[in-house]
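Peer 1: Take a look at the following structure, please.
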Amino acid sequence: MNINVNVLRYFVDPSSMDLPINPVTLFGKDKDVFLEVGFGNGEFLVEMAERNPEKAFIGLELSLISLVKVQKQLDKKQLENVRVILVDARFGTRELFCEDSFSGFYMNFPCPWPKKSHARKRLNDRNFLSSIATILRKDAFFQLYTDDENFATDFMRSAEATGCFKAIELTKNPNTGVNTRYEQKWKRENRDIFRVRGKKISTPGIERLCGGDEMPHRLVEGEISEEALKEAINKHFKKNNVVYIYKDIYQDMFNKRYLVETIAVDGDFEQKFYIEIKKKPGKRAWIVRLNGHGLPFRTRAVKEAVFNLAEILEKGD
Ligand SMILES: C[S@@+](CC[C@H](N)C(=O)[O-])C[C@H]1O[C@@H](n2cnc3c(N)ncnc32)[C@H](O)[C@@H]1O
């Protein structure tokens with residue numbers, strides 16, 4: 001896939017930033033910022049940005065293809081008031097932004113995941129609505145459009161259950177639409193459309209995984225044990241409600257370092273990354289830290305994985 005470097009100015013990589021982010025800092029000026037989750041082909045995001053140059057918009061998407069397509073449109077139209085982030089919205093809404101950040105939240109025709117076995121992928125449970133309530137400003141709104149009545153009803157009930165919204169209303173076949181690819185598709189098929197809206201009144205307490213801006217690292221004095229390192233490979237470590245596994249070791253003789261491929265899981269959020277074990281020049285000591293390529297979010301599982309690896313190397317000494 002060819003990615004024009006011009007379009008990258010719309011892309012934000014939050015894994016290399018201190019979390020949580022104040023979204024206003026992503027745009028030169030203090031603007032009202034709105035969030036859209038799952039923008040797909042981006043019709044709504046681009047049109048809103050074009051019609052409201054005084055406002056700013058952030059889009060979260062899981063699909064890299066959608067991300068690239070939208071950035072090309074933004075570049076063509078020279079729109080400066082949009083940023084896009086490649087992230088799972090469940091994680092993104094909970095972890096990335098400061099409290100009271102957004103003036104509005106939009107979600108248009110999310111995947112309804114009707115099968116019971118896929119229920120955890122649905123973006124309409126109470127935890128998700130609590131994350132939205134946290135990052136919305138007081139009196140800011142949320143707005144969902146969907147063709148799935150059960151999804152809409154569950155979304156509304158979850159919003160009510162948080163106790164953080166008022167004026168929650170579900171409207172069948174509202175007069176206004178969002179004109180996205182999926183809305184057009186369902187309208188062509190004469191399906192009913194449902195809209196759920198509500199206004200934020202209070203902020204719930206949510207538990208976030210990320211926090212603290214420090215990069216996890218440890219210094220191991222003396223020589224490290226390659227044997228102990230090899231023994232740790234493919235073992236599952238469960239500690240303090242997180243799980244991680246060291247998958248493989250790559251030795252980089254040129255730079256006197258090892259790279260340990262690692263998978264870390266916090267709840268339902270999995271990340272793959274590398275931990276670097278690098279000799280300190282001129283010293284009998286090794287630094288154990290995250291490798292800078294493809295940095296993960298510094299969740300508890302990621303930090304535990306780094307600290308535990310240092311302990312393993314120390315004990316083997
Ligand atoms: C059915 S499409 C709707 C796209 C667009 N909003 C529309 O109305 O045409 C759902 C979109 O949500 C994205 N998506 C699904 N799950 C997501 C998640 N957990 N986080 C972010 N985006 C997600 C998909 O990649 C897809 O682009």
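Numbering starts fresh at 1 for the residues of each chain in the structure tokens, the chains themselves are lettered A, B, ... in the order given, and ligands are numbered from 1 as they appear.
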Enumerate residues in contact with ligand 1: an atom-to-atom distance of at most 8 Å, counting only C-alpha atoms and all ligand atoms. Format the result as a compact mmCIF listing (two decimals) with C-alpha atoms, in the first residue's frame.

Peer 2:
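Output (out_27.txt):
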# COMPACT_ATOMS: atom_id res chain seq x y z
CA VAL A 37 -15.74 6.10 16.54
CA GLY A 38 -15.59 3.71 13.55
CA PHE A 39 -15.68 6.31 10.77
CA GLY A 40 -15.32 3.72 7.96
CA ASN A 41 -15.08 5.53 4.63
CA GLY A 42 -15.15 8.82 6.53
CA GLU A 43 -18.09 10.50 4.79
CA PHE A 44 -19.43 11.90 8.07
CA LEU A 60 -10.90 6.36 15.97
CA GLU A 61 -10.74 3.34 13.63
CA LEU A 62 -9.58 -0.25 13.70
CA SER A 63 -9.13 -0.50 9.94
CA SER A 66 -10.13 3.25 6.28
CA LEU A 86 -5.67 3.62 14.67
CA VAL A 87 -6.95 2.03 17.85
CA ASP A 88 -9.69 -0.17 19.24
CA ALA A 89 -12.33 2.31 20.39
CA ARG A 90 -12.98 0.41 23.60
CA GLY A 92 -9.15 4.42 22.96
CA MET A 107 -20.95 6.57 16.38
CA ASN A 108 -22.57 5.71 13.06
CA PHE A 109 -23.67 2.19 12.22
CA PRO A 110 -21.18 0.26 14.37
CA CYS A 111 -20.87 -3.48 13.72
CA PRO A 112 -23.78 -4.91 15.78
CA LYS A 121 -16.97 -6.86 20.73
CA ARG A 122 -20.20 -4.81 20.85
CA LEU A 123 -19.57 -1.17 21.61
CA VAL A 178 -25.71 11.00 8.64
CA ASN A 179 -25.40 10.03 4.99
CA THR A 180 -22.67 7.44 5.48
CA ARG A 181 -22.06 4.40 3.27
CA TYR A 182 -23.87 2.12 5.71
CA GLU A 183 -26.81 4.44 6.19

Peer 1: Please extract the residues of segment 83-191 of chain A with a backbone DSSP assignment of strand (DSSP E or B) and present them as a PyMOL selection string.

Peer 2: chain A and resi 83-86+97+102-108+136-146+165-172

Peer 1: Just checking: using only C-alpha atoms, which residue out of A:Glu221, A:Glu99, A:Glu304, A:Glu160 ends up closest to Thr134 of chain A?

Peer 2: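 Between A:Glu221, A:Glu99, A:Glu304, A:Glu160, the residue approaching Thr134 of chain A most closely is A:Glu99.
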
Peer 1: May I have the residues within 9 Å of Tyr250 of chain A as a list in words, using only C-alpha atoms and disregarding those fewer than 4 positions away in the same chain?

Peer 2: Arg257, Tyr258, Leu259, Val260 and Glu261 of chain A

Peer 1: Could you please take those selected residues and save C-alpha atoms as a PDB file, in the first residue's frame?

Peer 2:
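Writing the result to out.pdb gives the following:
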ATOM      1  CA  ARG A 257      21.539  -6.613  22.648  1.00  0.00           C
ATOM      2  CA  TYR A 258      18.683  -9.095  22.771  1.00  0.00           C
ATOM      3  CA  LEU A 259      15.154  -8.405  21.605  1.00  0.00           C
ATOM      4  CA  VAL A 260      12.453 -10.399  23.362  1.00  0.00           C
ATOM      5  CA  GLU A 261       9.163 -10.683  21.464  1.00  0.00           C
TER       6      GLU A 261
END

Peer 1: Just the residues within 8 Å of segment 275-289 of chain A, please, counting only C-alpha atoms, with nothing from its chain fewer than 5 positions along; format it as a list in words.

Peer 2: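 Near neighbours after the sequence-gap exclusion: Met215, Pro216, His217, Arg218, Leu219, Val220, Glu221, Gly222, Glu223, Ile224, Asn255, Lys256, Arg257, Tyr258, Leu259, Val260, Glu261, Thr262, Val306, Leu309 and Ala310 of chain A.
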
Peer 1: Restricting the output to N, CA and C atoms, write the selected residues as an mmCIF file, in the first residue's frame.

Peer 2:
data_model
loop_
_atom_site.group_PDB
_atom_site.id
_atom_site.type_symbol
_atom_site.label_atom_id
_atom_site.label_comp_id
_atom_site.auth_asym_id
_atom_site.auth_seq_id
_atom_site.Cartn_x
_atom_site.Cartn_y
_atom_site.Cartn_z
ATOM 1 N N MET A 215 8.713 5.577 31.085
ATOM 2 C CA MET A 215 8.966 4.381 30.271
ATOM 3 C C MET A 215 9.474 3.293 31.208
ATOM 4 N N PRO A 216 8.835 2.146 31.287
ATOM 5 C CA PRO A 216 9.326 1.135 32.215
ATOM 6 C C PRO A 216 10.714 0.639 31.820
ATOM 7 N N HIS A 217 11.632 0.612 32.782
ATOM 8 C CA HIS A 217 12.970 0.089 32.509
ATOM 9 C C HIS A 217 13.613 -0.344 33.821
ATOM 10 N N ARG A 218 14.591 -1.203 33.751
ATOM 11 C CA ARG A 218 15.343 -1.661 34.920
ATOM 12 C C ARG A 218 16.802 -1.844 34.528
ATOM 13 N N LEU A 219 17.697 -1.610 35.487
ATOM 14 C CA LEU A 219 19.114 -1.851 35.254
ATOM 15 C C LEU A 219 19.488 -3.164 35.938
ATOM 16 N N VAL A 220 20.134 -4.062 35.210
ATOM 17 C CA VAL A 220 20.591 -5.316 35.814
ATOM 18 C C VAL A 220 22.122 -5.257 35.896
ATOM 19 N N GLU A 221 22.633 -5.308 37.144
ATOM 20 C CA GLU A 221 24.088 -5.220 37.336
ATOM 21 C C GLU A 221 24.727 -6.587 37.077
ATOM 22 N N GLY A 222 25.955 -6.626 36.597
ATOM 23 C CA GLY A 222 26.680 -7.877 36.379
ATOM 24 C C GLY A 222 26.297 -8.509 35.056
ATOM 25 N N GLU A 223 26.592 -9.783 34.952
ATOM 26 C CA GLU A 223 26.275 -10.485 33.692
ATOM 27 C C GLU A 223 24.864 -11.057 33.756
ATOM 28 N N ILE A 224 24.233 -11.192 32.602
ATOM 29 C CA ILE A 224 22.879 -11.754 32.595
ATOM 30 C C ILE A 224 22.968 -13.217 32.156
ATOM 31 N N ASN A 255 24.798 -4.869 17.882
ATOM 32 C CA ASN A 255 24.511 -3.844 18.889
ATOM 33 C C ASN A 255 24.610 -4.359 20.322
ATOM 34 N N LYS A 256 25.100 -5.577 20.509
ATOM 35 C CA LYS A 256 25.183 -6.197 21.840
ATOM 36 C C LYS A 256 23.851 -6.075 22.566
ATOM 37 N N ARG A 257 22.834 -6.654 21.979
ATOM 38 C CA ARG A 257 21.539 -6.613 22.648
ATOM 39 C C ARG A 257 20.699 -7.815 22.259
ATOM 40 N N TYR A 258 19.687 -8.084 23.086
ATOM 41 C CA TYR A 258 18.683 -9.095 22.771
ATOM 42 C C TYR A 258 17.352 -8.365 22.604
ATOM 43 N N LEU A 259 16.521 -8.903 21.712
ATOM 44 C CA LEU A 259 15.154 -8.405 21.605
ATOM 45 C C LEU A 259 14.231 -9.558 21.962
ATOM 46 N N VAL A 260 13.358 -9.329 22.918
ATOM 47 C CA VAL A 260 12.453 -10.399 23.362
ATOM 48 C C VAL A 260 11.043 -10.057 22.896
ATOM 49 N N GLU A 261 10.524 -10.892 21.970
ATOM 50 C CA GLU A 261 9.163 -10.683 21.464
ATOM 51 C C GLU A 261 8.197 -11.045 22.589
ATOM 52 N N THR A 262 7.283 -10.135 22.885
ATOM 53 C CA THR A 262 6.423 -10.315 24.069
ATOM 54 C C THR A 262 4.960 -10.039 23.711
ATOM 55 N N VAL A 306 8.142 -6.085 31.554
ATOM 56 C CA VAL A 306 9.511 -5.535 31.549
ATOM 57 C C VAL A 306 10.188 -5.812 32.891
ATOM 58 N N LEU A 309 11.018 -9.500 33.481
ATOM 59 C CA LEU A 309 12.140 -9.996 32.673
ATOM 60 C C LEU A 309 13.469 -9.599 33.332
ATOM 61 N N ALA A 310 13.508 -8.384 33.867
ATOM 62 C CA ALA A 310 14.731 -7.932 34.552
ATOM 63 C C ALA A 310 15.002 -8.828 35.759
#

Peer 1: Quick one: residues within 9 Å of segment 200-211 of chain A, only C-alpha atoms, excluding same-chain residues fewer than 3 positions away - as a ChimeraX atom specification?

Peer 2: /A:18-20,94-96,99-100,127,130-131,133-142,162-167,214,266,297-301

Peer 1: Export, as a PDB file, in the first residue's frame, the selected residues with C-alpha atoms.

Peer 2:
ATOM      1  CA  ASP A  18       2.063  10.858  27.544  1.00  0.00           C
ATOM      2  CA  LEU A  19      -1.427   9.707  28.403  1.00  0.00           C
ATOM      3  CA  PRO A  20      -4.061  10.934  28.844  1.00  0.00           C
ATOM      4  CA  ARG A  94     -11.089   4.566  28.096  1.00  0.00           C
ATOM      5  CA  GLU A  95      -7.364   5.311  27.996  1.00  0.00           C
ATOM      6  CA  LEU A  96      -6.368   8.023  25.555  1.00  0.00           C
ATOM      7  CA  GLU A  99     -11.682  13.788  31.448  1.00  0.00           C
ATOM      8  CA  ASP A 100     -14.068  16.441  30.077  1.00  0.00           C
ATOM      9  CA  ASN A 127     -18.158   0.164  30.560  1.00  0.00           C
ATOM     10  CA  SER A 130     -18.859   5.058  31.191  1.00  0.00           C
ATOM     11  CA  SER A 131     -15.724   5.793  29.159  1.00  0.00           C
ATOM     12  CA  ALA A 133     -19.255   9.842  29.919  1.00  0.00           C
ATOM     13  CA  THR A 134     -15.746  10.362  31.308  1.00  0.00           C
ATOM     14  CA  ILE A 135     -14.280  12.047  28.242  1.00  0.00           C
ATOM     15  CA  LEU A 136     -17.333  14.179  27.380  1.00  0.00           C
ATOM     16  CA  ARG A 137     -17.609  17.670  28.812  1.00  0.00           C
ATOM     17  CA  LYS A 138     -20.595  18.530  30.991  1.00  0.00           C
ATOM     18  CA  ASP A 139     -23.662  19.146  28.792  1.00  0.00           C
ATOM     19  CA  ALA A 140     -21.917  17.532  25.804  1.00  0.00           C
ATOM     20  CA  PHE A 141     -23.929  14.954  23.832  1.00  0.00           C
ATOM     21  CA  PHE A 142     -23.553  11.448  22.467  1.00  0.00           C
ATOM     22  CA  THR A 162     -24.199   4.817  34.165  1.00  0.00           C
ATOM     23  CA  GLY A 163     -26.407   7.504  35.737  1.00  0.00           C
ATOM     24  CA  CYS A 164     -24.220  10.055  33.921  1.00  0.00           C
ATOM     25  CA  PHE A 165     -26.601  11.151  31.155  1.00  0.00           C
ATOM     26  CA  LYS A 166     -29.945  12.898  30.941  1.00  0.00           C
ATOM     27  CA  ALA A 167     -32.476  13.411  28.128  1.00  0.00           C
ATOM     28  CA  GLU A 214       7.522   6.958  32.681  1.00  0.00           C
ATOM     29  CA  ASP A 266      -4.770  -6.568  30.199  1.00  0.00           C
ATOM     30  CA  PHE A 297       0.732   1.445  25.387  1.00  0.00           C
ATOM     31  CA  ARG A 298       2.347   1.315  28.828  1.00  0.00           C
ATOM     32  CA  THR A 299      -0.357  -0.721  30.532  1.00  0.00           C
ATOM     33  CA  ARG A 300       0.120  -2.704  33.746  1.00  0.00           C
ATOM     34  CA  ALA A 301       0.752  -5.909  31.755  1.00  0.00           C
TER      35      ALA A 301
END

Peer 1: Could you please write out, as number ranges by chain, every residue of segment 120-304 of chain A that DSSP assigns to alpha helix (DSSP H)?

Peer 2: A: 126-135, 149-162, 181-188, 226-232, 300-304

Peer 1: Atom CA of Gly104 of chain A and atom CA of Leu45 of chain A, how far apart in Å?

Peer 2: 12.7 Å

Peer 1: Report, in Å with one decimal, the straight-line distance from atom CA of Phe254 of chain A to atom CA of Lys303 of chain A.

Peer 2: 26.9 Å

Peer 1: Could you tell me how far atom CA of Asn175 of chain A lies from atom CA of Asp125 of chain A, in Å and to one decimal?

Peer 2: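 About the pair atom CA of Asn175 of chain A and atom CA of Asp125 of chain A: they are 26.7 Å apart.
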
Peer 1: For Asp75 of chain A, work out the shell of residues within 9 Å, counting only C-alpha atoms and skipping chain neighbours fewer than 3 positions away, then give it as a PDB file with C-alpha atoms, in the first residue's frame.

Peer 2:
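That gives us result.pdb:
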ATOM      1  CA  ASN A   6       1.508  14.415   3.165  1.00  0.00           C
ATOM      2  CA  VAL A   7      -1.373  12.490   4.633  1.00  0.00           C
ATOM      3  CA  ARG A   9       0.070  14.891   9.273  1.00  0.00           C
ATOM      4  CA  TYR A  10      -3.470  13.764  10.164  1.00  0.00           C
ATOM      5  CA  VAL A  70      -9.753   9.195   4.934  1.00  0.00           C
ATOM      6  CA  GLN A  71      -6.369  10.853   5.224  1.00  0.00           C
ATOM      7  CA  LYS A  72      -6.194  11.081   1.415  1.00  0.00           C
ATOM      8  CA  GLN A  78      -6.678  20.555   2.776  1.00  0.00           C
ATOM      9  CA  LEU A  79      -8.660  20.175   6.000  1.00  0.00           C
ATOM     10  CA  GLU A  80      -6.574  20.901   9.087  1.00  0.00           C
TER      11      GLU A  80
END

Peer 1: Considering only C-alpha atoms, state which residue in the set A:Lys55, A:Ala232, A:Trp186, A:Leu64 is at the smallest distance from Asn173 of chain A.

Peer 2: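 That would be A:Trp186, the residue with the smallest distance to Asn173 of chain A.
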
Peer 1: What lies within 9 Å of Asn150 of chain A using only C-alpha atoms, ignoring chain neighbours under 4 positions off, as an MDAnalysis selection string?

Peer 2: chainID A and resid 112 114 154:155
